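Here's the structure, in structure tokens; my notes come after.
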Amino acid sequence: MRSYIALAAIFSFMGTFPALADQPSVLDVTASANEDGTYAINATVTHRDEGWKHYADKWEVLTPDGKVVATRQLYHPHVDEQPFTRSLSRVEVPIGTTEVTVRAFCNKDGAGSRTFTVMLPPRK
């Protein structure tokens with residue numbers, strides 16, 4: 001009986017905080033090398049968009065040291081399109097960088113905690 005009471009207390013306590021699922025999450029990222037030495041990045045993001053007041057509004061490409069090298073602005077909610085994939089075509093990455101991380105943001109809560117790191121293919 002005590003375990004049921006403890007579980008009920010835990011669940012009611014958890015209900016007082018926003019769910020982690022409300023944060024934008026990056027589910028997948030692909031990278032391909034362009035002829036000019038830049039990269040094309042495709043990111044798949046999910047977020048419980050609610051409309052204009054709360055939606056995933058951008059994703060960023062970061063180097064391993066945390067430097068933002070590109071940002072893909074998302075100009076509208078994707079309420080009925082979840083998850084969704086968007087591209088950024090000419091991402092300039094410093095020479096010697098072998099991987100990048102993508103993190104997503106929403107206009108209400110900021111950066112999501114679920115990021116995705118992808119290895120970069122060799123430059124062309």
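Letters A, B, ... go to the chains of the structure tokens in the order shown; residues in each chain start at 1; ligands are counted from 1 in the same order.
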
- Just the residues within 8 Å of stretch 49-64 of chain A, please, counting only C-alpha atoms, with nothing from its chain fewer than 4 positions along; format it as a PyMOL selection string. chain A and resi 24+68-79+93+97+99-108

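Among the candidates A:Ala31, A:Asp36, A:Arg86, A:Ser113, the one nearest to A:Thr98 when counting only C-alpha atoms is A:Ala31.
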
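Between A:Arg123 and the candidates A:Gly96, A:Pro83, A:Gly37, A:Gly66, the tightest atom-to-atom separation, counting only C-alpha atoms, involves A:Gly37.
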
- Task: Give the strand (DSSP E or B) residues of stretch 31-61 of chain A, as DSSP finds them on the backbone, and put them as number ranges by chain.
- Result: A: 31-33, 39-46, 51, 54, 56-61
